[in-house]
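J.: See work02.txt below, with compact mmCIF, C-alpha atoms.
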```txt
# COMPACT_ATOMS: atom_id res chain seq x y z
CA MET Q 1 -69.26 23.81 -55.75
CA THR Q 2 -68.75 20.15 -56.74
CA PHE Q 3 -65.21 20.74 -57.91
CA ASN Q 4 -62.91 18.22 -56.27
CA PHE Q 5 -59.31 19.20 -56.97
CA ILE Q 6 -59.00 21.19 -53.77
CA SER Q 7 -60.78 21.35 -50.43
CA ALA Q 8 -63.74 23.63 -49.84
CA GLN Q 9 -61.63 25.49 -47.28
CA GLU Q 10 -58.76 26.06 -49.73
CA ASN Q 11 -61.26 27.13 -52.36
CA GLU Q 12 -62.75 29.66 -49.95
CA GLN Q 13 -59.32 31.04 -49.01
CA ILE Q 14 -58.36 31.52 -52.66
CA ALA Q 15 -61.74 33.10 -53.43
CA GLU Q 16 -61.33 35.62 -50.60
CA LYS Q 17 -57.82 36.51 -51.71
CA ILE Q 18 -58.75 36.91 -55.39
CA ILE Q 19 -61.83 39.02 -54.68
CA ALA Q 20 -59.79 41.26 -52.34
CA MET Q 21 -57.15 41.73 -55.06
CA GLU Q 22 -59.81 42.65 -57.62
CA LYS Q 23 -61.46 45.16 -55.26
CA ALA Q 24 -58.10 46.76 -54.46
CA ALA Q 25 -57.32 47.19 -58.17
CA LEU Q 26 -60.81 48.60 -58.79
CA GLU Q 27 -60.47 51.03 -55.90
CA ARG Q 28 -57.44 52.52 -57.62
CA TRP Q 29 -58.98 52.26 -61.10
CA THR Q 30 -62.08 54.21 -60.02
CA HIS Q 31 -59.78 56.95 -58.75
CA GLY Q 32 -57.89 57.37 -62.01
CA ASP Q 33 -54.98 55.03 -61.28
CA PRO Q 34 -54.58 52.13 -63.75
CA SER Q 35 -51.39 50.86 -62.05
CA GLY Q 36 -53.35 48.76 -59.58
CA TYR Q 37 -54.30 46.52 -62.48
CA VAL Q 38 -51.06 46.78 -64.43
CA GLU Q 39 -49.10 45.59 -61.37
CA ILE Q 40 -51.13 42.38 -61.17
CA TYR Q 41 -51.32 41.56 -64.89
CA SER Q 42 -49.09 38.70 -66.06
CA LYS Q 43 -46.65 39.18 -68.94
CA ASP Q 44 -48.76 36.98 -71.22
CA ILE Q 45 -52.11 38.58 -70.36
CA VAL Q 46 -54.89 38.46 -72.94
CA TYR Q 47 -57.49 41.23 -72.67
CA PHE Q 48 -60.88 42.21 -74.13
CA ASP Q 49 -62.98 45.33 -73.65
CA PRO Q 50 -65.82 46.81 -75.74
CA SER Q 51 -63.73 49.56 -77.34
CA LEU Q 52 -61.20 47.23 -78.97
CA GLU Q 53 -61.18 45.91 -82.53
CA LYS Q 54 -59.49 42.75 -81.32
CA ARG Q 55 -57.96 41.13 -78.23
CA ILE Q 56 -54.87 42.79 -76.73
CA ASP Q 57 -52.02 40.32 -76.14
CA GLY Q 58 -49.26 40.95 -73.64
CA LEU Q 59 -48.46 43.28 -70.77
CA GLU Q 60 -46.38 45.71 -72.77
CA ILE Q 61 -49.17 46.74 -75.14
CA LEU Q 62 -51.82 46.61 -72.42
CA SER Q 63 -49.77 48.85 -70.11
CA GLU Q 64 -49.52 51.50 -72.83
CA TYR Q 65 -53.27 51.23 -73.44
CA TYR Q 66 -54.08 51.58 -69.74
CA GLU Q 67 -51.72 54.52 -69.33
CA GLN Q 68 -54.03 56.51 -71.62
CA ALA Q 69 -56.78 56.13 -69.02
CA ARG Q 70 -54.71 57.59 -66.18
CA GLY Q 71 -56.65 60.35 -64.42
CA LYS Q 72 -59.71 59.90 -66.64
CA VAL Q 73 -61.80 57.39 -64.72
CA TYR Q 74 -63.81 58.23 -61.63
CA ALA Q 75 -66.58 56.55 -59.70
CA GLU Q 76 -67.95 57.40 -56.29
CA ARG Q 77 -68.33 53.74 -55.49
CA PHE Q 78 -68.62 50.34 -57.12
CA GLU Q 79 -70.03 46.91 -56.42
CA LEU Q 80 -69.06 43.39 -57.42
CA VAL Q 81 -72.46 41.73 -57.74
CA ASN Q 82 -72.47 38.04 -56.85
CA PRO Q 83 -68.77 37.26 -57.41
CA VAL Q 84 -67.95 33.58 -58.01
CA VAL Q 85 -64.49 31.98 -58.01
CA GLN Q 86 -63.83 28.61 -59.65
CA THR Q 87 -60.33 27.30 -58.97
CA ASP Q 88 -58.08 24.25 -59.18
CA GLY Q 89 -55.56 25.83 -56.82
CA LYS Q 90 -53.29 27.18 -59.57
CA MET Q 91 -55.76 29.07 -61.73
CA ALA Q 92 -58.82 30.90 -60.42
CA VAL Q 93 -61.68 32.20 -62.52
CA LEU Q 94 -63.46 35.19 -61.02
CA THR Q 95 -66.75 36.28 -62.60
CA PHE Q 96 -69.08 39.03 -61.48
CA ASN Q 97 -71.52 41.67 -62.60
CA TYR Q 98 -69.96 45.05 -61.96
CA GLN Q 99 -71.77 48.27 -61.16
CA SER Q 100 -70.14 51.65 -60.77
CA PHE Q 101 -71.99 54.65 -59.37
CA ASN Q 102 -71.35 58.28 -60.17
CA SER Q 103 -73.98 60.89 -59.28
CA GLU Q 104 -77.09 59.44 -60.85
CA ILE Q 105 -75.33 57.30 -63.45
CA ILE Q 106 -75.02 53.56 -62.92
CA ARG Q 107 -72.77 51.69 -65.32
CA LYS Q 108 -73.14 47.93 -65.63
CA TRP Q 109 -70.53 45.49 -66.87
CA ASN Q 110 -69.91 41.77 -67.16
CA CYS Q 111 -66.44 40.69 -66.05
CA THR Q 112 -64.31 37.55 -66.19
CA GLU Q 113 -60.83 37.65 -64.66
CA VAL Q 114 -58.58 34.59 -64.70
CA TYR Q 115 -55.95 34.69 -61.98
CA ARG Q 116 -52.93 32.35 -62.07
CA LEU Q 117 -50.48 31.45 -59.32
CA GLU Q 118 -47.08 32.46 -60.69
CA ASP Q 119 -43.76 30.78 -59.96
CA ASP Q 120 -42.92 33.48 -57.40
CA GLY Q 121 -46.03 32.62 -55.38
CA ASN Q 122 -48.05 35.67 -56.42
CA TRP Q 123 -51.42 35.53 -58.14
CA LYS Q 124 -51.61 37.49 -61.37
CA ILE Q 125 -54.35 38.07 -63.91
CA CYS Q 126 -53.60 36.25 -67.19
CA GLN Q 127 -56.97 36.87 -68.85
CA SER Q 128 -59.34 39.82 -68.48
CA HIS Q 129 -62.66 40.20 -70.30
CA TRP Q 130 -64.84 43.25 -69.68
CA SER Q 131 -68.08 43.73 -71.60
CA LEU Q 132 -71.14 45.93 -71.33
CA THR Q 133 -74.26 44.47 -69.78
CA GLN Q 134 -77.03 44.62 -72.39
CA PRO Q 135 -75.26 47.18 -74.62
CA PHE Q 136 -78.33 47.84 -76.71
CA LYS Q 137 -80.68 48.66 -73.86
CA SER Q 138 -80.69 52.01 -72.17
CA GLU Q 139 -79.15 52.03 -68.72
CA MET I 1 -45.62 31.13 -73.27
CA THR I 2 -43.50 31.41 -70.14
CA PHE I 3 -45.90 29.37 -68.06
CA ASN I 4 -43.99 26.56 -66.33
CA PHE I 5 -46.51 24.18 -64.76
CA ILE I 6 -46.60 21.88 -67.79
CA SER I 7 -44.38 21.19 -70.77
CA ALA I 8 -44.71 23.07 -74.03
CA GLN I 9 -45.71 19.79 -75.67
CA GLU I 10 -48.48 19.10 -73.17
CA ASN I 11 -49.63 22.69 -73.52
CA GLU I 12 -49.82 22.28 -77.28
CA GLN I 13 -51.75 19.02 -77.02
CA ILE I 14 -54.31 20.56 -74.67
CA ALA I 15 -54.63 23.65 -76.89
CA GLU I 16 -55.32 21.51 -79.96
CA LYS I 17 -57.94 19.48 -78.11
CA ILE I 18 -59.72 22.51 -76.65
CA ILE I 19 -59.80 24.40 -79.93
CA ALA I 20 -61.16 21.32 -81.72
CA MET I 21 -63.91 20.98 -79.09
CA GLU I 22 -64.86 24.63 -79.49
CA LYS I 23 -64.99 24.39 -83.29
CA ALA I 24 -67.13 21.25 -83.11
CA ALA I 25 -69.63 22.97 -80.78
CA LEU I 26 -69.68 26.05 -83.03
CA GLU I 27 -70.23 23.92 -86.12
CA ARG I 28 -73.43 22.63 -84.52
CA TRP I 29 -74.38 26.04 -83.06
CA THR I 30 -74.14 27.71 -86.48
CA HIS I 31 -76.53 25.09 -87.82
CA GLY I 32 -79.21 25.68 -85.21
CA ASP I 33 -78.16 23.00 -82.70
CA PRO I 34 -77.30 24.30 -79.21
CA SER I 35 -76.71 20.78 -77.83
CA GLY I 36 -73.07 20.78 -78.97
CA TYR I 37 -72.43 23.36 -76.30
CA VAL I 38 -74.87 22.09 -73.68
CA GLU I 39 -73.17 18.66 -73.77
CA ILE I 40 -69.79 20.16 -72.87
CA TYR I 41 -70.94 22.67 -70.24
CA SER I 42 -70.18 21.75 -66.63
CA LYS I 43 -72.91 21.64 -64.00
CA ASP I 44 -71.53 24.76 -62.32
CA ILE I 45 -71.05 26.79 -65.50
CA VAL I 46 -71.16 30.56 -65.27
CA TYR I 47 -72.16 32.37 -68.47
CA PHE I 48 -72.33 35.90 -69.92
CA ASP I 49 -73.68 37.16 -73.22
CA PRO I 50 -74.77 40.67 -74.33
CA SER I 51 -78.49 40.02 -74.07
CA LEU I 52 -78.50 39.12 -70.38
CA GLU I 53 -79.26 41.36 -67.42
CA LYS I 54 -76.86 39.35 -65.28
CA ARG I 55 -74.65 36.25 -65.33
CA ILE I 56 -76.41 32.89 -65.74
CA ASP I 57 -75.31 30.34 -63.13
CA GLY I 58 -75.62 26.61 -63.64
CA LEU I 59 -76.30 24.13 -66.41
CA GLU I 60 -79.99 23.77 -65.73
CA ILE I 61 -80.89 27.41 -66.37
CA LEU I 62 -78.40 27.74 -69.21
CA SER I 63 -79.79 24.65 -70.96
CA GLU I 64 -83.29 26.14 -70.91
CA TYR I 65 -81.94 29.42 -72.25
CA TYR I 66 -80.05 27.71 -75.06
CA GLU I 67 -83.04 25.58 -75.98
CA GLN I 68 -84.83 28.78 -77.03
CA ALA I 69 -82.17 29.26 -79.71
CA ARG I 70 -82.70 25.84 -81.31
CA GLY I 71 -83.22 26.19 -85.06
CA LYS I 72 -82.77 29.97 -84.97
CA VAL I 73 -79.03 30.42 -85.56
CA TYR I 74 -77.38 30.00 -88.93
CA ALA I 75 -74.05 30.97 -90.39
CA GLU I 76 -72.47 29.84 -93.63
CA ARG I 77 -69.08 29.71 -91.99
CA PHE I 78 -67.15 31.02 -89.02
CA GLU I 79 -63.61 31.71 -87.98
CA LEU I 80 -61.74 31.67 -84.67
CA VAL I 81 -59.28 34.53 -85.12
CA ASN I 82 -55.97 34.05 -83.31
CA PRO I 83 -57.09 31.53 -80.65
CA VAL I 84 -54.85 31.33 -77.57
CA VAL I 85 -54.97 28.68 -74.84
CA GLN I 86 -53.43 29.27 -71.39
CA THR I 87 -53.44 26.14 -69.24
CA ASP I 88 -52.06 24.59 -66.08
CA GLY I 89 -53.08 21.11 -67.21
CA LYS I 90 -56.37 21.07 -65.31
CA MET I 91 -57.94 24.32 -66.43
CA ALA I 92 -57.53 25.82 -69.89
CA VAL I 93 -58.49 29.35 -70.88
CA LEU I 94 -59.36 29.73 -74.56
CA THR I 95 -59.70 33.26 -75.95
CA PHE I 96 -60.38 34.31 -79.52
CA ASN I 97 -62.03 36.87 -81.72
CA TYR I 98 -64.94 35.20 -83.47
CA GLN I 99 -66.32 36.06 -86.88
CA SER I 100 -69.39 34.49 -88.44
CA PHE I 101 -70.30 34.98 -92.08
CA ASN I 102 -73.76 34.93 -93.56
CA SER I 103 -74.29 36.35 -97.05
CA GLU I 104 -72.76 39.79 -96.76
CA ILE I 105 -73.08 40.11 -93.00
CA ILE I 106 -70.05 39.60 -90.80
CA ARG I 107 -70.66 39.39 -87.06
CA LYS I 108 -67.77 39.94 -84.68
CA TRP I 109 -67.50 38.75 -81.11
CA ASN I 110 -65.00 38.50 -78.26
CA CYS I 111 -64.96 35.13 -76.52
CA THR I 112 -63.42 33.62 -73.39
CA GLU I 113 -64.10 29.95 -72.64
CA VAL I 114 -62.63 28.29 -69.56
CA TYR I 115 -62.37 24.53 -69.93
CA ARG I 116 -61.77 22.29 -66.91
CA LEU I 117 -60.66 18.66 -66.75
CA GLU I 118 -63.44 16.87 -64.90
CA ASP I 119 -63.07 13.87 -62.59
CA ASP I 120 -64.22 11.56 -65.40
CA GLY I 121 -61.33 12.72 -67.62
CA ASN I 122 -63.43 14.88 -69.92
CA TRP I 123 -62.86 18.58 -70.50
CA LYS I 124 -65.92 20.74 -69.91
CA ILE I 125 -66.56 24.46 -70.12
CA CYS I 126 -67.08 25.97 -66.65
CA GLN I 127 -67.07 29.64 -67.73
CA SER I 128 -68.26 31.17 -71.00
CA HIS I 129 -68.17 34.90 -71.80
CA TRP I 130 -69.38 36.14 -75.19
CA SER I 131 -69.45 39.86 -75.96
CA LEU I 132 -69.83 42.02 -79.04
CA THR I 133 -66.71 43.48 -80.58
CA GLN I 134 -67.04 47.27 -80.51
CA PRO I 135 -70.82 47.24 -79.94
CA PHE I 136 -71.19 50.95 -80.62
CA LYS I 137 -69.50 50.95 -84.00
CA SER I 138 -71.27 49.84 -87.14
CA GLU I 139 -70.18 46.44 -88.41
```
Represent the supplied structure as structure tokens.
T.:
Amino acid sequence: MTFNFISAQENEQIAEKIIAMEKAALERWTHGDPSGYVEIYSKDIVYFDPSLEKRIDGLEILSEYYEQARGKVYAERFELVNPVVQTDGKMAVLTFNYQSFNSEIIRKWNCTEVYRLEDDGNWKICQSHWSLTQPFKSE
Amino acid sequence: MTFNFISAQENEQIAEKIIAMEKAALERWTHGDPSGYVEIYSKDIVYFDPSLEKRIDGLEILSEYYEQARGKVYAERFELVNPVVQTDGKMAVLTFNYQSFNSEIIRKWNCTEVYRLEDDGNWKICQSHWSLTQPFKSE
């Protein structure tokens, strides 16, 4: 990283925290519980996934959308492949290739999460973009 | 926006600047010139699009990848649908639904660009995520 707003040490601390938050939310998500994400989404979150006609804006609508997934998602395990965090200390961009494993099925995604340090001192996700890795190739 | 790090006026000024930069790069992109983007990508850019097996890291590899597209992309016109910019003054997250028009074909994409204010005072894109809108539905 050649990004100079914050020290390498501070960058590393934020990266560890952000990645741990993402893994904790995914742990719940892959066991049917969308609340792990909903609890760390900001009020003004903007959100993309491959099933949507257009971006979802705002926590209220996104919470309703996620509620529909409750109990319907399961994965035996998942991996964040090569996560990178770029941060200025107040916003932190986490990108990774995601793989979830279930029996013999591997699902592959691209993911960008933007975390933001809120006024109360908590990091929340203000932008989430999930897309399929190579959607037109067989998995 | 309830985001308090900067004033609403400063937020608006940054949003206008970022959206204008994106449109200028797209104007060149839709006429076969990838350099409009390459010139505003940061050295440490991370990049996703639907044709990739995994994230591309760094300007050097991304420049080579974009060079392959030179002269091959054309659209009569394009639209950024409902662009939103979330910023803390040093990083700015631009999201929009993108539509490009060519004869009777409309192509639809989801896009997240993270711009960052560099030490030299210029904004550059440090994260770019393009994905297809509803890839499994017909357009």
J.: Chain I superposed on chain Q over all ordered C-alpha pairs, least squares: can you write that as a CSV table (one decimal) with C-alpha atoms, in the coordinates of the input?
T.:
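Contents of result-v8.csv, as written:
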```
chain,number,residue,atom,x,y,z
I,1,MET,CA,-69.2,23.7,-55.8
I,2,THR,CA,-68.7,20.1,-56.8
I,3,PHE,CA,-65.2,20.7,-57.9
I,4,ASN,CA,-62.9,18.1,-56.2
I,5,PHE,CA,-59.3,19.1,-56.9
I,6,ILE,CA,-59.0,21.2,-53.7
I,7,SER,CA,-60.8,21.3,-50.4
I,8,ALA,CA,-63.7,23.6,-49.8
I,9,GLN,CA,-61.6,25.5,-47.3
I,10,GLU,CA,-58.8,26.1,-49.7
I,11,ASN,CA,-61.3,27.1,-52.3
I,12,GLU,CA,-62.7,29.6,-49.9
I,13,GLN,CA,-59.3,31.0,-49.0
I,14,ILE,CA,-58.4,31.5,-52.6
I,15,ALA,CA,-61.7,33.1,-53.4
I,16,GLU,CA,-61.3,35.6,-50.6
I,17,LYS,CA,-57.8,36.5,-51.7
I,18,ILE,CA,-58.8,36.9,-55.4
I,19,ILE,CA,-61.8,39.0,-54.7
I,20,ALA,CA,-59.8,41.3,-52.3
I,21,MET,CA,-57.2,41.7,-55.1
I,22,GLU,CA,-59.8,42.7,-57.6
I,23,LYS,CA,-61.5,45.2,-55.3
I,24,ALA,CA,-58.1,46.8,-54.5
I,25,ALA,CA,-57.3,47.2,-58.2
I,26,LEU,CA,-60.8,48.6,-58.8
I,27,GLU,CA,-60.5,51.0,-55.9
I,28,ARG,CA,-57.4,52.5,-57.6
I,29,TRP,CA,-59.0,52.3,-61.1
I,30,THR,CA,-62.1,54.2,-60.0
I,31,HIS,CA,-59.8,57.0,-58.8
I,32,GLY,CA,-57.9,57.4,-62.0
I,33,ASP,CA,-55.0,55.0,-61.3
I,34,PRO,CA,-54.6,52.1,-63.8
I,35,SER,CA,-51.4,50.9,-62.1
I,36,GLY,CA,-53.4,48.8,-59.6
I,37,TYR,CA,-54.3,46.5,-62.5
I,38,VAL,CA,-51.1,46.8,-64.4
I,39,GLU,CA,-49.1,45.6,-61.4
I,40,ILE,CA,-51.1,42.4,-61.2
I,41,TYR,CA,-51.3,41.6,-64.9
I,42,SER,CA,-49.1,38.7,-66.1
I,43,LYS,CA,-46.7,39.2,-68.9
I,44,ASP,CA,-48.8,37.0,-71.2
I,45,ILE,CA,-52.1,38.6,-70.4
I,46,VAL,CA,-54.9,38.5,-72.9
I,47,TYR,CA,-57.5,41.2,-72.7
I,48,PHE,CA,-60.9,42.2,-74.1
I,49,ASP,CA,-63.0,45.3,-73.6
I,50,PRO,CA,-65.8,46.8,-75.7
I,51,SER,CA,-63.7,49.5,-77.3
I,52,LEU,CA,-61.2,47.2,-79.0
I,53,GLU,CA,-61.2,45.9,-82.5
I,54,LYS,CA,-59.5,42.7,-81.3
I,55,ARG,CA,-58.0,41.1,-78.2
I,56,ILE,CA,-54.9,42.8,-76.7
I,57,ASP,CA,-52.0,40.3,-76.1
I,58,GLY,CA,-49.3,41.0,-73.6
I,59,LEU,CA,-48.5,43.3,-70.8
I,60,GLU,CA,-46.4,45.7,-72.8
I,61,ILE,CA,-49.2,46.7,-75.1
I,62,LEU,CA,-51.8,46.6,-72.4
I,63,SER,CA,-49.8,48.8,-70.1
I,64,GLU,CA,-49.5,51.5,-72.8
I,65,TYR,CA,-53.3,51.2,-73.4
I,66,TYR,CA,-54.1,51.6,-69.7
I,67,GLU,CA,-51.7,54.5,-69.3
I,68,GLN,CA,-54.0,56.5,-71.6
I,69,ALA,CA,-56.8,56.1,-69.0
I,70,ARG,CA,-54.7,57.6,-66.2
I,71,GLY,CA,-56.7,60.4,-64.4
I,72,LYS,CA,-59.7,59.9,-66.6
I,73,VAL,CA,-61.8,57.4,-64.7
I,74,TYR,CA,-63.8,58.2,-61.6
I,75,ALA,CA,-66.6,56.6,-59.7
I,76,GLU,CA,-67.9,57.4,-56.3
I,77,ARG,CA,-68.3,53.7,-55.5
I,78,PHE,CA,-68.6,50.4,-57.1
I,79,GLU,CA,-70.0,46.9,-56.4
I,80,LEU,CA,-69.1,43.4,-57.4
I,81,VAL,CA,-72.5,41.7,-57.7
I,82,ASN,CA,-72.5,38.0,-56.9
I,83,PRO,CA,-68.8,37.3,-57.4
I,84,VAL,CA,-67.9,33.6,-58.0
I,85,VAL,CA,-64.5,32.0,-58.0
I,86,GLN,CA,-63.8,28.6,-59.7
I,87,THR,CA,-60.3,27.3,-59.0
I,88,ASP,CA,-58.1,24.3,-59.2
I,89,GLY,CA,-55.6,25.8,-56.8
I,90,LYS,CA,-53.3,27.2,-59.6
I,91,MET,CA,-55.8,29.1,-61.7
I,92,ALA,CA,-58.8,30.9,-60.4
I,93,VAL,CA,-61.7,32.2,-62.5
I,94,LEU,CA,-63.5,35.2,-61.0
I,95,THR,CA,-66.8,36.3,-62.6
I,96,PHE,CA,-69.1,39.0,-61.5
I,97,ASN,CA,-71.5,41.7,-62.6
I,98,TYR,CA,-70.0,45.1,-62.0
I,99,GLN,CA,-71.8,48.3,-61.2
I,100,SER,CA,-70.1,51.7,-60.8
I,101,PHE,CA,-72.0,54.7,-59.4
I,102,ASN,CA,-71.3,58.3,-60.2
I,103,SER,CA,-74.0,60.9,-59.3
I,104,GLU,CA,-77.1,59.4,-60.9
I,105,ILE,CA,-75.3,57.3,-63.4
I,106,ILE,CA,-75.0,53.6,-62.9
I,107,ARG,CA,-72.8,51.7,-65.3
I,108,LYS,CA,-73.1,47.9,-65.6
I,109,TRP,CA,-70.5,45.5,-66.9
I,110,ASN,CA,-69.9,41.8,-67.2
I,111,CYS,CA,-66.4,40.7,-66.1
I,112,THR,CA,-64.3,37.5,-66.2
I,113,GLU,CA,-60.8,37.7,-64.7
I,114,VAL,CA,-58.6,34.6,-64.7
I,115,TYR,CA,-55.9,34.7,-62.0
I,116,ARG,CA,-52.9,32.4,-62.1
I,117,LEU,CA,-50.5,31.5,-59.3
I,118,GLU,CA,-47.1,32.5,-60.7
I,119,ASP,CA,-43.8,30.8,-60.0
I,120,ASP,CA,-42.9,33.5,-57.4
I,121,GLY,CA,-46.0,32.6,-55.4
I,122,ASN,CA,-48.1,35.7,-56.4
I,123,TRP,CA,-51.4,35.5,-58.1
I,124,LYS,CA,-51.6,37.5,-61.4
I,125,ILE,CA,-54.4,38.1,-63.9
I,126,CYS,CA,-53.6,36.2,-67.2
I,127,GLN,CA,-57.0,36.9,-68.9
I,128,SER,CA,-59.3,39.8,-68.5
I,129,HIS,CA,-62.7,40.2,-70.3
I,130,TRP,CA,-64.8,43.3,-69.7
I,131,SER,CA,-68.1,43.7,-71.6
I,132,LEU,CA,-71.1,45.9,-71.3
I,133,THR,CA,-74.2,44.5,-69.8
I,134,GLN,CA,-77.0,44.6,-72.4
I,135,PRO,CA,-75.2,47.2,-74.6
I,136,PHE,CA,-78.3,47.8,-76.7
I,137,LYS,CA,-80.7,48.7,-73.9
I,138,SER,CA,-80.7,52.0,-72.2
I,139,GLU,CA,-79.1,52.1,-68.7
```
J.: List every residue of chain Q that has an atom at most 8 Å from any atom of chain I, and for each one report the closest atom pair and its distance in Å to one decimal, counting only C-alpha atoms, with rows sorted by chain and then by increasing residue number, as CSV.
T.:
```
residue,atom,partner,partner_atom,distance
Q:Met1,CA,I:Asp44,CA,7.0
Q:Thr2,CA,I:Asp44,CA,7.8
Q:Asn4,CA,I:Asp119,CA,7.7
Q:Asp44,CA,I:Met1,CA,6.9
Q:Val46,CA,I:Thr95,CA,7.7
Q:Phe48,CA,I:Asn110,CA,6.9
Q:Pro50,CA,I:Gln134,CA,4.9
Q:Ser51,CA,I:Gln134,CA,5.1
Q:Leu52,CA,I:Gln134,CA,6.0
Q:Glu53,CA,I:Gln134,CA,6.3
Q:Lys54,CA,I:Asn97,CA,6.4
Q:Arg55,CA,I:Asn97,CA,6.8
Q:Asp88,CA,I:Lys90,CA,7.1
Q:Lys90,CA,I:Asp88,CA,7.1
Q:Met91,CA,I:Met91,CA,7.0
Q:Val93,CA,I:Gln127,CA,7.9
Q:Thr95,CA,I:Val46,CA,7.7
Q:Phe96,CA,I:Arg55,CA,7.3
Q:Asn97,CA,I:Lys54,CA,6.4
Q:Asn110,CA,I:Phe48,CA,6.9
Q:Thr112,CA,I:His129,CA,7.3
Q:Asp119,CA,I:Asn4,CA,7.6
Q:Gln127,CA,I:Val93,CA,7.9
Q:His129,CA,I:Thr112,CA,7.3
Q:Ser131,CA,I:Ser131,CA,6.0
Q:Leu132,CA,I:Pro50,CA,7.1
Q:Thr133,CA,I:Pro50,CA,6.0
Q:Gln134,CA,I:Pro50,CA,4.9
Q:Pro135,CA,I:Pro50,CA,6.5
```
J.: Have a look at atom CA of Lys124 of chain Q and atom CA of Lys17 of chain Q and let me know their distance in Å, one decimal.
T.: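 Going from atom CA of Lys124 of chain Q over to atom CA of Lys17 of chain Q, I get 11.5 Å.
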J.: Determine the axis-aligned bounding box of all atoms of segment 54-59 of chain I present in the file, pad each side by 4 Å, and express its centre and edge lengths in Å to one decimal place as JSON.
T.:
```
{"center_x": -75.8, "center_y": 31.7, "center_z": -64.8, "size_x": 10.2, "size_y": 23.2, "size_z": 11.3}
```
J.: How many Å separate atom CA of Gln13 of chain Q from atom CA of Tyr115 of chain Q?
T.: 13.9 Å
J.: Would you fill the gaps in segment 85-97 of chain Q so it has N, CA and C atoms, then print it as a PDB file, keeping the file's coordinate frame?
T.:
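Writing the result to part.pdb gives the following:
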```pdb
ATOM      1  N   VAL Q  85     -65.847  32.408 -57.659  1.00  0.00           N
ATOM      2  CA  VAL Q  85     -64.490  31.980 -58.010  1.00  0.00           C
ATOM      3  C   VAL Q  85     -64.474  30.462 -58.200  1.00  0.00           C
ATOM      4  N   GLN Q  86     -64.012  30.041 -59.352  1.00  0.00           N
ATOM      5  CA  GLN Q  86     -63.830  28.610 -59.650  1.00  0.00           C
ATOM      6  C   GLN Q  86     -62.325  28.377 -59.764  1.00  0.00           C
ATOM      7  N   THR Q  87     -61.788  27.443 -58.982  1.00  0.00           N
ATOM      8  CA  THR Q  87     -60.330  27.300 -58.970  1.00  0.00           C
ATOM      9  C   THR Q  87     -59.891  25.849 -58.823  1.00  0.00           C
ATOM     10  N   ASP Q  88     -58.720  25.558 -59.382  1.00  0.00           N
ATOM     11  CA  ASP Q  88     -58.080  24.250 -59.180  1.00  0.00           C
ATOM     12  C   ASP Q  88     -56.858  24.395 -58.276  1.00  0.00           C
ATOM     13  N   GLY Q  89     -56.693  25.588 -57.701  1.00  0.00           N
ATOM     14  CA  GLY Q  89     -55.560  25.830 -56.820  1.00  0.00           C
ATOM     15  C   GLY Q  89     -54.423  26.586 -57.487  1.00  0.00           C
ATOM     16  N   LYS Q  90     -54.347  26.480 -58.827  1.00  0.00           N
ATOM     17  CA  LYS Q  90     -53.290  27.180 -59.570  1.00  0.00           C
ATOM     18  C   LYS Q  90     -53.836  28.252 -60.488  1.00  0.00           C
ATOM     19  N   MET Q  91     -55.067  28.040 -60.964  1.00  0.00           N
ATOM     20  CA  MET Q  91     -55.760  29.070 -61.730  1.00  0.00           C
ATOM     21  C   MET Q  91     -57.083  29.320 -61.009  1.00  0.00           C
ATOM     22  N   ALA Q  92     -57.582  30.544 -61.108  1.00  0.00           N
ATOM     23  CA  ALA Q  92     -58.820  30.900 -60.420  1.00  0.00           C
ATOM     24  C   ALA Q  92     -59.607  31.845 -61.314  1.00  0.00           C
ATOM     25  N   VAL Q  93     -60.827  31.432 -61.622  1.00  0.00           N
ATOM     26  CA  VAL Q  93     -61.680  32.200 -62.520  1.00  0.00           C
ATOM     27  C   VAL Q  93     -62.678  32.993 -61.694  1.00  0.00           C
ATOM     28  N   LEU Q  94     -62.550  34.308 -61.738  1.00  0.00           N
ATOM     29  CA  LEU Q  94     -63.460  35.190 -61.020  1.00  0.00           C
ATOM     30  C   LEU Q  94     -64.432  35.811 -62.012  1.00  0.00           C
ATOM     31  N   THR Q  95     -65.725  35.630 -61.765  1.00  0.00           N
ATOM     32  CA  THR Q  95     -66.750  36.280 -62.600  1.00  0.00           C
ATOM     33  C   THR Q  95     -67.680  37.086 -61.700  1.00  0.00           C
ATOM     34  N   PHE Q  96     -68.126  38.213 -62.225  1.00  0.00           N
ATOM     35  CA  PHE Q  96     -69.080  39.030 -61.480  1.00  0.00           C
ATOM     36  C   PHE Q  96     -69.767  40.018 -62.408  1.00  0.00           C
ATOM     37  N   ASN Q  97     -70.915  40.499 -61.984  1.00  0.00           N
ATOM     38  CA  ASN Q  97     -71.520  41.670 -62.600  1.00  0.00           C
ATOM     39  C   ASN Q  97     -71.024  42.879 -61.823  1.00  0.00           C
TER      40      ASN Q  97
END
```
